[in-house]
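Listing of my_file.txt; format and content: compact mmCIF, C-alpha atoms.
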# COMPACT_ATOMS: atom_id res chain seq x y z
CA MET Y 1 88.42 98.90 113.00
CA SER Y 2 90.67 97.38 110.36
CA ASN Y 3 92.74 94.31 111.22
CA PHE Y 4 95.25 95.25 108.52
CA ASN Y 5 98.13 95.52 111.02
CA ASN Y 6 97.59 92.01 112.36
CA SER Y 7 101.03 90.41 112.57
CA SER Y 8 99.58 87.00 111.71
CA ALA Y 9 98.83 88.17 108.17
CA ARG Y 10 101.04 87.15 105.26
CA VAL Y 11 104.66 88.29 105.44
CA SER Y 12 106.14 90.54 102.78
CA GLN Y 13 107.91 88.58 100.03
CA THR Y 14 110.66 90.91 98.85
CA ARG Y 15 114.18 90.14 97.71
CA ARG Y 16 115.55 93.58 98.61
CA ALA Y 17 114.75 95.66 101.68
CA PRO Y 18 112.75 98.85 101.06
CA THR Y 19 114.46 102.14 101.85
CA PRO Y 20 112.90 103.71 104.98
CA GLY Y 21 110.64 106.63 104.07
CA LYS Y 22 110.59 105.90 100.33
CA ALA Y 23 107.29 105.30 98.55
CA THR Y 24 106.69 101.78 97.26
CA VAL Y 25 104.15 100.14 94.96
CA LEU Y 26 102.20 97.69 97.12
CA ALA Y 27 99.68 96.30 94.63
CA ILE Y 28 98.44 96.75 91.08
CA GLY Y 29 95.16 96.07 89.29
CA LYS Y 30 93.54 96.65 85.92
CA ALA Y 31 90.10 96.50 84.30
CA PHE Y 32 88.60 96.79 80.83
CA PRO Y 33 85.23 97.21 79.16
CA SER Y 34 83.60 94.04 77.84
CA GLN Y 35 84.05 94.82 74.13
CA LEU Y 36 87.25 93.14 72.86
CA ILE Y 37 88.30 94.00 69.29
CA PRO Y 38 90.91 91.93 67.43
CA GLN Y 39 92.93 94.27 65.23
CA GLU Y 40 92.11 92.29 62.08
CA CYS Y 41 88.39 93.01 62.65
CA LEU Y 42 88.73 96.72 63.37
CA VAL Y 43 88.70 98.19 59.87
CA GLU Y 44 85.57 96.43 58.64
CA GLY Y 45 83.71 97.23 61.84
CA TYR Y 46 84.79 100.88 61.92
CA PHE Y 47 83.78 101.52 58.31
CA ARG Y 48 80.51 99.70 58.80
CA ASP Y 49 79.66 101.67 61.94
CA THR Y 50 80.55 105.04 60.39
CA LYS Y 51 78.97 104.19 57.00
CA CYS Y 52 82.14 105.27 55.19
CA ASP Y 53 82.74 103.89 51.69
CA ASP Y 54 85.98 105.72 50.79
CA LEU Y 55 88.33 102.94 49.70
CA SER Y 56 91.46 105.11 49.83
CA ILE Y 57 90.87 105.93 53.51
CA LYS Y 58 90.07 102.29 54.21
CA GLU Y 59 93.34 101.13 52.63
CA LYS Y 60 95.29 103.69 54.65
CA LEU Y 61 93.71 102.51 57.89
CA GLU Y 62 94.49 98.89 56.98
CA ARG Y 63 98.15 99.82 56.56
CA LEU Y 64 98.18 101.73 59.85
CA CYS Y 65 96.61 98.81 61.70
CA LYS Y 66 99.48 96.59 60.58
CA THR Y 67 102.24 99.05 61.52
CA THR Y 68 100.95 99.74 65.05
CA THR Y 69 101.78 96.14 66.14
CA VAL Y 70 98.52 96.13 68.16
CA LYS Y 71 96.76 92.75 68.20
CA THR Y 72 93.80 93.33 70.53
CA ARG Y 73 92.09 96.25 72.24
CA TYR Y 74 89.13 96.87 74.49
CA THR Y 75 86.57 99.60 73.86
CA VAL Y 76 83.52 101.12 75.52
CA MET Y 77 82.06 101.89 72.09
CA SER Y 78 79.66 99.19 70.94
CA ARG Y 79 76.93 98.57 68.40
CA GLU Y 80 74.36 99.10 71.18
CA ILE Y 81 75.73 102.58 71.90
CA LEU Y 82 75.67 103.51 68.21
CA GLU Y 83 72.09 102.29 67.94
CA LYS Y 84 71.13 104.54 70.84
CA TYR Y 85 73.28 107.48 69.65
CA PRO Y 86 73.53 107.20 65.83
CA GLU Y 87 74.56 110.85 65.68
CA LEU Y 88 78.02 109.87 67.01
CA ALA Y 89 78.79 108.44 63.57
CA THR Y 90 77.47 111.48 61.69
CA GLU Y 91 79.99 114.06 60.50
CA GLY Y 92 79.57 117.58 61.90
CA THR Y 93 76.91 116.76 64.52
CA PRO Y 94 77.15 118.44 67.96
CA THR Y 95 77.47 115.44 70.24
CA ILE Y 96 79.53 116.48 73.28
CA LYS Y 97 76.51 116.04 75.57
CA GLN Y 98 75.89 112.50 74.35
CA ARG Y 99 79.57 111.58 74.55
CA LEU Y 100 79.79 112.69 78.17
CA GLU Y 101 76.61 110.79 79.03
CA ILE Y 102 78.50 107.67 77.95
CA ALA Y 103 82.06 108.49 79.05
CA ASN Y 104 81.50 109.91 82.55
CA PRO Y 105 79.94 106.77 84.07
CA ALA Y 106 82.07 104.43 81.94
CA VAL Y 107 85.41 105.71 83.23
CA VAL Y 108 84.28 105.54 86.87
CA ASP Y 109 82.95 102.01 86.37
CA MET Y 110 86.30 100.87 84.93
CA ALA Y 111 88.22 102.74 87.66
CA LEU Y 112 86.06 101.05 90.31
CA LYS Y 113 86.76 97.57 88.94
CA ALA Y 114 90.52 98.24 88.63
CA SER Y 115 90.61 99.66 92.17
CA LEU Y 116 88.78 96.66 93.63
CA ASN Y 117 91.18 94.29 91.86
CA CYS Y 118 94.11 96.27 93.25
CA ILE Y 119 92.73 96.40 96.79
CA LYS Y 120 92.11 92.65 96.69
CA GLU Y 121 95.76 92.03 95.78
CA TRP Y 122 96.91 94.49 98.45
CA GLY Y 123 94.90 92.70 101.14
CA GLY Y 124 94.04 95.82 103.12
CA SER Y 125 90.76 97.54 103.91
CA VAL Y 126 89.31 100.49 102.03
CA GLN Y 127 89.20 102.20 105.43
CA ASP Y 128 93.01 102.20 105.43
CA ILE Y 129 93.14 104.29 102.22
CA THR Y 130 93.99 107.84 103.26
CA HIS Y 131 94.33 109.51 99.83
CA ILE Y 132 93.09 109.00 96.29
CA VAL Y 133 94.71 110.31 93.09
CA TYR Y 134 92.39 110.10 90.10
CA VAL Y 135 93.72 110.48 86.54
CA SER Y 136 91.61 110.78 83.37
CA SER Y 137 91.48 112.62 80.06
CA SER Y 138 88.10 111.11 79.25
CA GLU Y 139 85.48 112.78 81.44
CA ILE Y 140 84.29 116.32 82.20
CA ARG Y 141 82.01 117.17 85.12
CA LEU Y 142 81.82 118.69 88.58
CA PRO Y 143 82.24 117.02 90.98
CA GLY Y 144 84.76 114.83 89.24
CA GLY Y 145 85.23 111.11 89.02
CA ASP Y 146 87.42 111.12 92.14
CA LEU Y 147 84.37 111.81 94.31
CA TYR Y 148 82.19 109.26 92.53
CA LEU Y 149 84.92 106.63 92.84
CA ALA Y 150 85.52 107.39 96.54
CA SER Y 151 81.78 107.04 97.18
CA GLU Y 152 81.47 103.78 95.22
CA LEU Y 153 84.43 102.28 97.09
CA GLY Y 154 83.11 103.38 100.47
CA LEU Y 155 86.19 105.43 101.32
CA LYS Y 156 86.10 107.65 104.40
CA PRO Y 157 84.59 111.14 103.82
CA ASP Y 158 87.87 112.76 104.89
CA VAL Y 159 89.97 110.87 102.32
CA GLY Y 160 92.36 113.30 100.62
CA ARG Y 161 91.43 113.59 96.92
CA VAL Y 162 93.47 114.83 93.95
CA MET Y 163 92.19 115.01 90.36
CA LEU Y 164 94.59 115.08 87.39
CA TYR Y 165 92.65 115.86 84.22
CA PHE Y 166 93.68 115.98 80.55
CA LEU Y 167 97.36 115.16 80.87
CA GLY Y 168 97.15 112.55 78.13
CA CYS Y 169 99.68 109.75 77.86
CA TYR Y 170 102.02 110.92 80.63
CA GLY Y 171 99.23 111.15 83.23
CA GLY Y 172 99.95 107.78 84.81
CA VAL Y 173 103.56 108.66 85.63
CA THR Y 174 102.46 112.09 86.88
CA GLY Y 175 100.04 110.26 89.14
CA LEU Y 176 102.90 108.13 90.46
CA ARG Y 177 104.94 111.26 91.18
CA VAL Y 178 102.06 112.90 93.05
CA ALA Y 179 101.23 109.72 94.97
CA LYS Y 180 104.90 109.34 95.88
CA ASP Y 181 105.02 112.87 97.31
CA ILE Y 182 101.83 112.27 99.31
CA ALA Y 183 103.02 108.94 100.70
CA GLU Y 184 106.45 110.23 101.70
CA ASN Y 185 105.14 113.40 103.34
CA ASN Y 186 102.25 111.80 105.24
CA PRO Y 187 103.66 108.99 107.40
CA GLY Y 188 101.42 105.93 107.50
CA SER Y 189 99.35 107.04 104.51
CA ARG Y 190 98.14 104.64 101.81
CA VAL Y 191 97.39 106.22 98.45
CA LEU Y 192 95.07 104.72 95.84
CA LEU Y 193 96.14 105.93 92.39
CA THR Y 194 93.59 105.19 89.68
CA THR Y 195 93.66 105.96 85.95
CA SER Y 196 90.77 105.41 83.56
CA GLU Y 197 90.38 106.24 79.87
CA THR Y 198 87.95 105.80 76.97
CA THR Y 199 88.14 106.90 73.34
CA ILE Y 200 84.44 107.86 73.25
CA LEU Y 201 85.24 111.60 73.23
CA GLY Y 202 87.31 111.23 70.05
CA PHE Y 203 85.24 108.70 68.10
CA ARG Y 204 84.10 110.08 64.74
CA PRO Y 205 83.78 109.08 61.06
CA PRO Y 206 87.04 109.03 59.05
CA ASN Y 207 87.80 112.18 57.08
CA LYS Y 208 90.73 112.96 54.77
CA SER Y 209 91.10 116.38 56.41
CA ARG Y 210 91.82 114.69 59.78
CA PRO Y 211 94.54 112.08 59.15
CA TYR Y 212 95.33 111.72 62.85
CA ASP Y 213 91.84 110.30 63.45
CA LEU Y 214 93.00 107.22 61.55
CA VAL Y 215 96.08 106.90 63.76
CA GLY Y 216 93.82 107.08 66.81
CA ALA Y 217 91.47 104.46 65.37
CA ALA Y 218 94.40 102.11 64.69
CA LEU Y 219 96.24 102.63 67.97
CA PHE Y 220 94.14 103.64 71.00
CA GLY Y 221 92.07 101.51 73.37
CA ASP Y 222 90.06 101.82 76.58
CA GLY Y 223 90.66 100.58 80.12
CA ALA Y 224 91.66 101.44 83.67
CA ALA Y 225 94.45 100.72 86.14
CA ALA Y 226 95.12 101.20 89.83
CA VAL Y 227 98.02 100.95 92.27
CA ILE Y 228 98.38 101.30 96.04
CA ILE Y 229 101.35 103.46 97.08
CA GLY Y 230 102.81 103.67 100.57
CA ALA Y 231 106.09 104.15 102.42
CA ASP Y 232 107.50 101.90 105.16
CA PRO Y 233 105.58 98.72 104.21
CA ARG Y 234 103.82 96.82 106.97
CA ILE Y 235 104.53 93.18 107.70
CA ASN Y 236 101.51 92.00 105.72
CA GLU Y 237 102.21 94.10 102.63
CA SER Y 238 104.22 93.00 99.59
CA PRO Y 239 106.01 95.93 97.95
CA PHE Y 240 107.54 95.13 94.60
CA MET Y 241 108.86 98.48 93.33
CA GLU Y 242 110.28 101.51 95.10
CA LEU Y 243 109.75 104.99 93.63
CA SER Y 244 113.17 106.51 94.23
CA PHE Y 245 113.27 109.81 92.36
CA ALA Y 246 110.86 111.60 89.99
CA VAL Y 247 111.44 114.27 87.35
CA GLN Y 248 109.06 116.14 85.04
CA GLN Y 249 110.29 118.31 82.16
CA PHE Y 250 108.68 120.08 79.22
CA LEU Y 251 110.38 120.97 75.95
CA PRO Y 252 110.04 124.72 75.32
CA GLY Y 253 108.33 125.70 72.08
CA THR Y 254 106.69 122.31 71.47
CA GLN Y 255 103.14 123.04 72.66
CA HIS Y 256 101.85 122.59 69.10
CA VAL Y 257 103.24 119.09 68.54
CA ILE Y 258 100.43 117.33 70.45
CA ASP Y 259 97.32 119.49 70.28
CA GLY Y 260 93.91 118.54 71.68
CA ARG Y 261 90.85 120.79 71.47
CA LEU Y 262 87.38 120.20 72.90
CA SER Y 263 84.55 121.10 70.52
CA GLU Y 264 80.83 120.50 70.21
CA GLU Y 265 81.70 117.31 68.30
CA GLY Y 266 84.01 115.92 70.98
CA ILE Y 267 87.76 116.19 71.30
CA ASN Y 268 89.95 116.77 68.24
CA PHE Y 269 93.62 115.76 68.26
CA LYS Y 270 96.46 116.82 66.01
CA LEU Y 271 99.77 115.03 66.25
CA GLY Y 272 102.86 116.56 64.70
CA ARG Y 273 105.09 114.33 62.59
CA GLU Y 274 108.10 115.61 64.52
CA LEU Y 275 107.05 113.96 67.81
CA PRO Y 276 109.31 110.86 67.53
CA GLN Y 277 112.25 113.06 66.50
CA ARG Y 278 111.70 115.49 69.40
CA ILE Y 279 111.67 112.59 71.84
CA GLU Y 280 114.77 111.09 70.24
CA ASP Y 281 116.64 114.40 70.46
CA ASN Y 282 115.96 114.88 74.18
CA ILE Y 283 115.52 111.46 75.77
CA ASP Y 284 119.17 110.69 76.54
CA ALA Y 285 119.71 113.89 78.54
CA PHE Y 286 116.45 113.33 80.42
CA CYS Y 287 117.38 109.76 81.34
CA LYS Y 288 120.84 110.83 82.46
CA LYS Y 289 119.25 113.43 84.73
CA LEU Y 290 117.08 110.75 86.33
CA VAL Y 291 119.90 108.23 86.70
CA SER Y 292 122.17 110.85 88.28
CA LYS Y 293 119.71 111.17 91.20
CA SER Y 294 120.82 107.76 92.45
CA ASN Y 295 124.49 108.75 92.85
CA LEU Y 296 125.25 105.35 91.34
CA LYS Y 297 127.07 104.51 88.13
CA LEU Y 298 124.20 102.87 86.26
CA GLU Y 299 124.52 101.74 82.66
CA TYR Y 300 121.35 101.72 80.58
CA ASN Y 301 121.63 98.05 79.68
CA ASP Y 302 122.06 97.10 83.34
CA MET Y 303 118.62 98.56 84.08
CA PHE Y 304 115.02 97.54 83.36
CA TRP Y 305 112.79 99.81 81.27
CA ALA Y 306 109.08 100.51 81.73
CA VAL Y 307 108.29 102.91 78.88
CA HIS Y 308 104.85 104.14 77.88
CA PRO Y 309 104.33 102.65 74.38
CA GLY Y 310 102.97 105.68 72.57
CA GLY Y 311 103.56 103.77 69.35
CA PRO Y 312 106.18 101.48 67.79
CA ALA Y 313 108.07 104.38 66.18
CA ILE Y 314 108.73 106.00 69.56
CA LEU Y 315 109.87 102.71 71.10
CA ASN Y 316 112.13 101.95 68.13
CA ARG Y 317 113.78 105.37 68.25
CA LEU Y 318 114.26 105.24 72.01
CA GLU Y 319 115.81 101.77 71.75
CA SER Y 320 118.16 102.93 68.99
CA THR Y 321 119.12 106.27 70.56
CA LEU Y 322 119.89 104.80 73.98
CA LYS Y 323 121.58 101.74 72.41
CA LEU Y 324 119.39 99.37 74.43
CA ASN Y 325 119.84 95.64 74.00
CA PRO Y 326 117.11 93.74 72.14
CA GLY Y 327 114.33 92.83 74.53
CA LYS Y 328 114.82 95.77 76.92
CA LEU Y 329 111.49 97.25 75.79
CA GLU Y 330 109.68 93.92 75.49
CA CYS Y 331 107.29 94.70 78.37
CA SER Y 332 106.24 97.91 76.62
CA ARG Y 333 105.84 96.20 73.27
CA ARG Y 334 103.73 93.45 74.82
CA ALA Y 335 101.41 95.96 76.53
CA LEU Y 336 100.95 97.77 73.20
CA MET Y 337 100.22 94.49 71.44
CA ASP Y 338 97.69 93.31 74.03
CA PHE Y 339 95.86 96.55 74.84
CA GLY Y 340 96.90 99.28 72.39
CA ASN Y 341 97.82 102.74 73.64
CA VAL Y 342 95.43 103.27 76.58
CA SER Y 343 96.80 106.74 77.37
CA SER Y 344 97.57 107.25 81.09
CA ASN Y 345 96.80 103.61 81.98
CA THR Y 346 99.36 101.97 79.76
CA ILE Y 347 102.39 102.51 81.98
CA PHE Y 348 100.76 100.31 84.63
CA TYR Y 349 100.21 97.48 82.17
CA VAL Y 350 103.90 97.76 81.34
CA MET Y 351 104.85 97.78 85.03
CA GLU Y 352 102.74 94.68 85.67
CA ASN Y 353 104.52 92.93 82.78
CA MET Y 354 107.84 94.06 84.24
CA ARG Y 355 106.97 92.72 87.69
CA GLU Y 356 106.35 89.29 86.21
CA GLU Y 357 109.56 89.41 84.15
CA LEU Y 358 111.70 90.38 87.14
CA LYS Y 359 110.17 87.58 89.21
CA LYS Y 360 111.44 85.02 86.69
CA LYS Y 361 115.07 86.09 87.03
CA GLU Y 362 117.39 84.82 89.74
CA GLN Y 363 119.64 87.84 89.22
CA SER Y 364 117.18 90.57 88.22
CA GLU Y 365 118.05 94.20 87.58
CA GLU Y 366 117.74 96.33 90.72
CA TRP Y 367 117.25 99.71 89.05
CA GLY Y 368 115.03 100.84 86.21
CA LEU Y 369 113.20 103.76 84.67
CA ALA Y 370 109.48 104.41 84.17
CA LEU Y 371 109.00 106.92 81.34
CA ALA Y 372 106.07 108.56 79.57
CA PHE Y 373 105.65 111.37 77.08
CA GLY Y 374 102.68 113.58 76.23
CA PRO Y 375 101.36 117.06 75.46
CA GLY Y 376 103.78 119.86 76.15
CA ILE Y 377 105.92 118.04 74.94
CA THR Y 378 106.18 116.76 78.51
CA PHE Y 379 108.54 114.07 79.75
CA GLU Y 380 107.71 112.27 83.02
CA GLY Y 381 110.17 109.86 84.56
CA ILE Y 382 110.71 107.92 87.77
CA LEU Y 383 113.84 106.09 88.84
CA ILE Y 384 112.53 102.80 90.19
CA ARG Y 385 114.16 100.19 92.39
CA SER Y 386 112.95 96.61 92.15
CA LEU Y 387 112.39 94.95 95.53

Encoding of this model in structure tokens:
Amino acid sequence: MSNFNNSSARVSQTRRAPTPGKATVLAIGKAFPSQLIPQECLVEGYFRDTKCDDLSIKEKLERLCKTTTVKTRYTVMSREILEKYPELATEGTPTIKQRLEIANPAVVDMALKASLNCIKEWGGSVQDITHIVYVSSSEIRLPGGDLYLASELGLKPDVGRVMLYFLGCYGGVTGLRVAKDIAENNPGSRVLLTTSETTILGFRPPNKSRPYDLVGAALFGDGAAAVIIGADPRINESPFMELSFAVQQFLPGTQHVIDGRLSEEGINFKLGRELPQRIEDNIDAFCKKLVSKSNLKLEYNDMFWAVHPGGPAILNRLESTLKLNPGKLECSRRALMDFGNVSSNTIFYVMENMREELKKKEQSEEWGLALAFGPGITFEGILIRSL
């Protein structure tokens, strides 16, 4: 029997009272593989590992590495893996089996570590977790990683499980929306939302016919994140954000802009040049729709912004289009700099940065937006209230 409801436990430290029945974020955690790559070392290592000697491609990747603003990233891929599976660095070799042998256990291992870090911050027992939402675009198997993670954590056999596969960069905010709905419609529930991603499925030698591979090599990283979501926080829980309203929207006729296809060589991505422009053209209306849910007159610059940093171009255009003050997207830029684009995980690194920033302010913003964009083109957004 858990002692999680013991009134002698630590008292919630919030500056604003949670709204009864609304889902809140109770804790957050993250985890990474052991391989840390400084951006200035990436090009030499990548070309050495793939045995590529094309100087024109190398120069292009060097330029891309500078424009991404990324400083460090973590990766599952290592010299030891390439020694065991040299075919991963060989053009045209069927390697999906080998990639999944690496990726499937790696994403669950990172998800486990992120979940344990989150549960430790939360202070509750794994036996109090009633639901699990598992997000990944990096593994393929039946049963899925949700079952392996539940087993590794020792969750109850009747824990409610949801898998969200291959959503790409907006998967973390989708997970928040799903966890919010579960928490608000199942009184007393506590939802563990975990995201975990690796670039193993897309690793391949550089090729002039696949320019987006270079963007991926310069921008993406590996890692995991986890949050505990629940409504009506108990006396020994410390909610720091309230998930007020959620909206998902796709842009008709844009399915081709972000295109990912699984093949015998792994997963192949194509990214249309029009992506930043499409986001720029539609983001203001989407944000207004979210803000209108509050029935409050909220100005953009009176809010905080937790935006998935798909890349610096997207952040720059969003900042310009919405006329945001300098520094409004600093938490997103810092997450991109420290970890790269880690797909569905990245929004949680941004939210953790935002939590720390809001703590520093005596008069912090009460309302904010969490936003992410991905294949579809799909927009995911949540109107968040800081507690």

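Taking CA of Thr346 (chain Y) and CA of Tyr148 (chain Y) as endpoints, the distance between them is 22.6 Å.
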
TODO: Tell me, in Å to one decimal, how far CA of Leu164 (chain Y) is from CA of Arg141 (chain Y).
DONE: 13.0 Å

Within 10 Å of region 100-109 of chain Y, which residues of region 159-261 of chain Y come that close, and what is the closest atom pair and distance in Å for each? Count all atoms listed in the file and give it as a tab-separated table.
residue	atom	partner	partner_atom	distance
Y:Thr194	CA	Y:Val108	CA	9.7
Y:Thr195	CA	Y:Val107	CA	8.7
Y:Ser196	CA	Y:Val107	CA	5.4
Y:Glu197	CA	Y:Val107	CA	6.0
Y:Thr198	CA	Y:Val107	CA	6.8
Y:Thr199	CA	Y:Ala103	CA	8.5
Y:Ile200	CA	Y:Ala103	CA	6.3
Y:Leu201	CA	Y:Ala103	CA	7.3
Y:Asp222	CA	Y:Val107	CA	9.0
Y:Gly223	CA	Y:Val107	CA	8.0
Y:Ala224	CA	Y:Val107	CA	7.6

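Coordinates place CA of Val342 (chain Y) at a distance of 27.2 Å from CA of Lys288 (chain Y).
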
- [ ] Determine, counting all atoms listed in the file, which protein, DNA and RNA residues have an atom within 10 Å of an atom of Ala89 (chain Y); residues of the same chain fewer than 2 positions away are not included. Present the result as an MDAnalysis selection string.
- [x] chainID Y and resid 46 49:52 82 85:87 91:93 95 203:206

Could those residues be written to a file, using C-alpha atoms, as a tab-separated table (two decimals), keeping the file's coordinate frame?
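The new file result19.tsv reads:
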chain	number	residue	atom	x	y	z
Y	46	TYR	CA	84.79	100.88	61.92
Y	49	ASP	CA	79.66	101.67	61.94
Y	50	THR	CA	80.55	105.04	60.39
Y	51	LYS	CA	78.97	104.19	57.00
Y	52	CYS	CA	82.14	105.27	55.19
Y	82	LEU	CA	75.67	103.51	68.21
Y	85	TYR	CA	73.28	107.48	69.65
Y	86	PRO	CA	73.53	107.20	65.83
Y	87	GLU	CA	74.56	110.85	65.68
Y	91	GLU	CA	79.99	114.06	60.50
Y	92	GLY	CA	79.57	117.58	61.90
Y	93	THR	CA	76.91	116.76	64.52
Y	95	THR	CA	77.47	115.44	70.24
Y	203	PHE	CA	85.24	108.70	68.10
Y	204	ARG	CA	84.10	110.08	64.74
Y	205	PRO	CA	83.78	109.08	61.06
Y	206	PRO	CA	87.04	109.03	59.05

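Of the residues listed (Y:Ala226, Y:Val173, Y:Ile279, Y:Ile57), Y:Val173 shows the shortest atom-to-atom separation from Ala370 (chain Y); distances use all atoms listed in the file.
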
Open item on the list: Report as a count of residues only all protein, DNA and RNA residues lying within 7 Å of Ser344 (chain Y), evaluated on all atoms listed in the file, omitting residues in the same chain fewer than 5 positions from it.
Closed with: 6

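Ranking Y:Asn341, Y:Ser78, Y:Phe269, Y:Asp232 by their shortest atom-to-atom distance to Asn185 (chain Y), with only C-alpha atoms included, puts Y:Asp232 first.
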
- [ ] Identify which of the residues Y:Glu264, Y:Leu324, Y:Pro252, Y:Asp259 lies closest to Asn282 (chain Y), counting all atoms listed in the file when measuring atom-to-atom distances.
- [x] Y:Pro252

- [ ] Mind checking which residues fall within 8 Å of Val43 (chain Y), counting only C-alpha atoms, ignoring those fewer than 4 positions away in the same chain, and posting them as a list in words?
- [x] Gln39, Phe47, Lys58, Leu61 and Glu62 of chain Y

Please report, as a tab-separated table, each residue of region 345-368 of chain Y lying at most 12 Å from region 374-383 of chain Y, together with the nearest pair of atoms and the separation in Å rounded to one decimal; use all atoms listed in the file, and order rows by chain and ascending residue number.
residue	atom	partner	partner_atom	distance
Y:Ile347	CA	Y:Gly381	CA	11.0
Y:Glu366	CA	Y:Leu383	CA	10.7
Y:Trp367	CA	Y:Leu383	CA	7.2
Y:Gly368	CA	Y:Leu383	CA	6.0

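Among the candidates Y:Ser115, Y:Ser294, Y:Ser238, Y:Ser136, the residue lying nearest to Ala17 (chain Y) is Y:Ser238 (atoms considered: only C-alpha atoms).
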
Test item: axis-aligned box, all listed atoms of region 115-123 of chain Y, 5 Å on each side, centre and edges in Å rounded to one decimal, as AutoDock Vina command-line options:
--center_x 92.8 --center_y 95.8 --center_z 96.5 --size_x 18.1 --size_y 17.6 --size_z 19.3

Could you add the missing atoms to region 310-322 of chain Y, up to N, CA, C and O atoms, and return them as a short mmCIF file (atom, residue, chain, number, x, y, z; two decimals), keeping the file's coordinate frame?
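So the final result, stored in result-v3.cif, reads:
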data_model
loop_
_atom_site.label_atom_id
_atom_site.label_comp_id
_atom_site.auth_asym_id
_atom_site.auth_seq_id
_atom_site.Cartn_x
_atom_site.Cartn_y
_atom_site.Cartn_z
N GLY Y 310 103.80 104.77 73.36
CA GLY Y 310 102.97 105.68 72.57
C GLY Y 310 102.74 105.18 71.16
O GLY Y 310 101.73 105.50 70.53
N GLY Y 311 103.64 104.38 70.67
CA GLY Y 311 103.56 103.77 69.35
C GLY Y 311 104.88 103.10 69.06
O GLY Y 311 105.90 103.38 69.72
N PRO Y 312 104.93 102.21 68.07
CA PRO Y 312 106.18 101.48 67.79
C PRO Y 312 107.31 102.40 67.34
O PRO Y 312 108.48 102.11 67.64
N ALA Y 313 107.00 103.49 66.65
CA ALA Y 313 108.07 104.38 66.18
C ALA Y 313 108.82 105.00 67.35
O ALA Y 313 110.06 105.11 67.32
N ILE Y 314 108.09 105.40 68.39
CA ILE Y 314 108.73 106.00 69.56
C ILE Y 314 109.59 104.97 70.28
O ILE Y 314 110.73 105.24 70.67
N LEU Y 315 109.09 103.76 70.44
CA LEU Y 315 109.87 102.71 71.10
C LEU Y 315 111.12 102.37 70.30
O LEU Y 315 112.21 102.20 70.87
N ASN Y 316 110.98 102.29 68.98
CA ASN Y 316 112.13 101.95 68.13
C ASN Y 316 113.21 103.03 68.22
O ASN Y 316 114.40 102.71 68.30
N ARG Y 317 112.79 104.28 68.20
CA ARG Y 317 113.78 105.37 68.25
C ARG Y 317 114.45 105.43 69.62
O ARG Y 317 115.65 105.68 69.71
N LEU Y 318 113.67 105.21 70.67
CA LEU Y 318 114.26 105.24 72.01
C LEU Y 318 115.27 104.11 72.16
O LEU Y 318 116.37 104.30 72.68
N GLU Y 319 114.91 102.93 71.69
CA GLU Y 319 115.81 101.77 71.75
C GLU Y 319 117.11 102.04 71.00
O GLU Y 319 118.21 101.73 71.47
N SER Y 320 116.98 102.65 69.81
CA SER Y 320 118.16 102.93 68.99
C SER Y 320 119.01 104.05 69.60
O SER Y 320 120.24 103.91 69.70
N THR Y 321 118.39 105.12 70.03
CA THR Y 321 119.12 106.27 70.56
C THR Y 321 119.89 105.92 71.83
O THR Y 321 121.03 106.35 72.01
N LEU Y 322 119.26 105.15 72.71
CA LEU Y 322 119.89 104.80 73.98
C LEU Y 322 120.74 103.54 73.88
O LEU Y 322 121.31 103.11 74.88
#
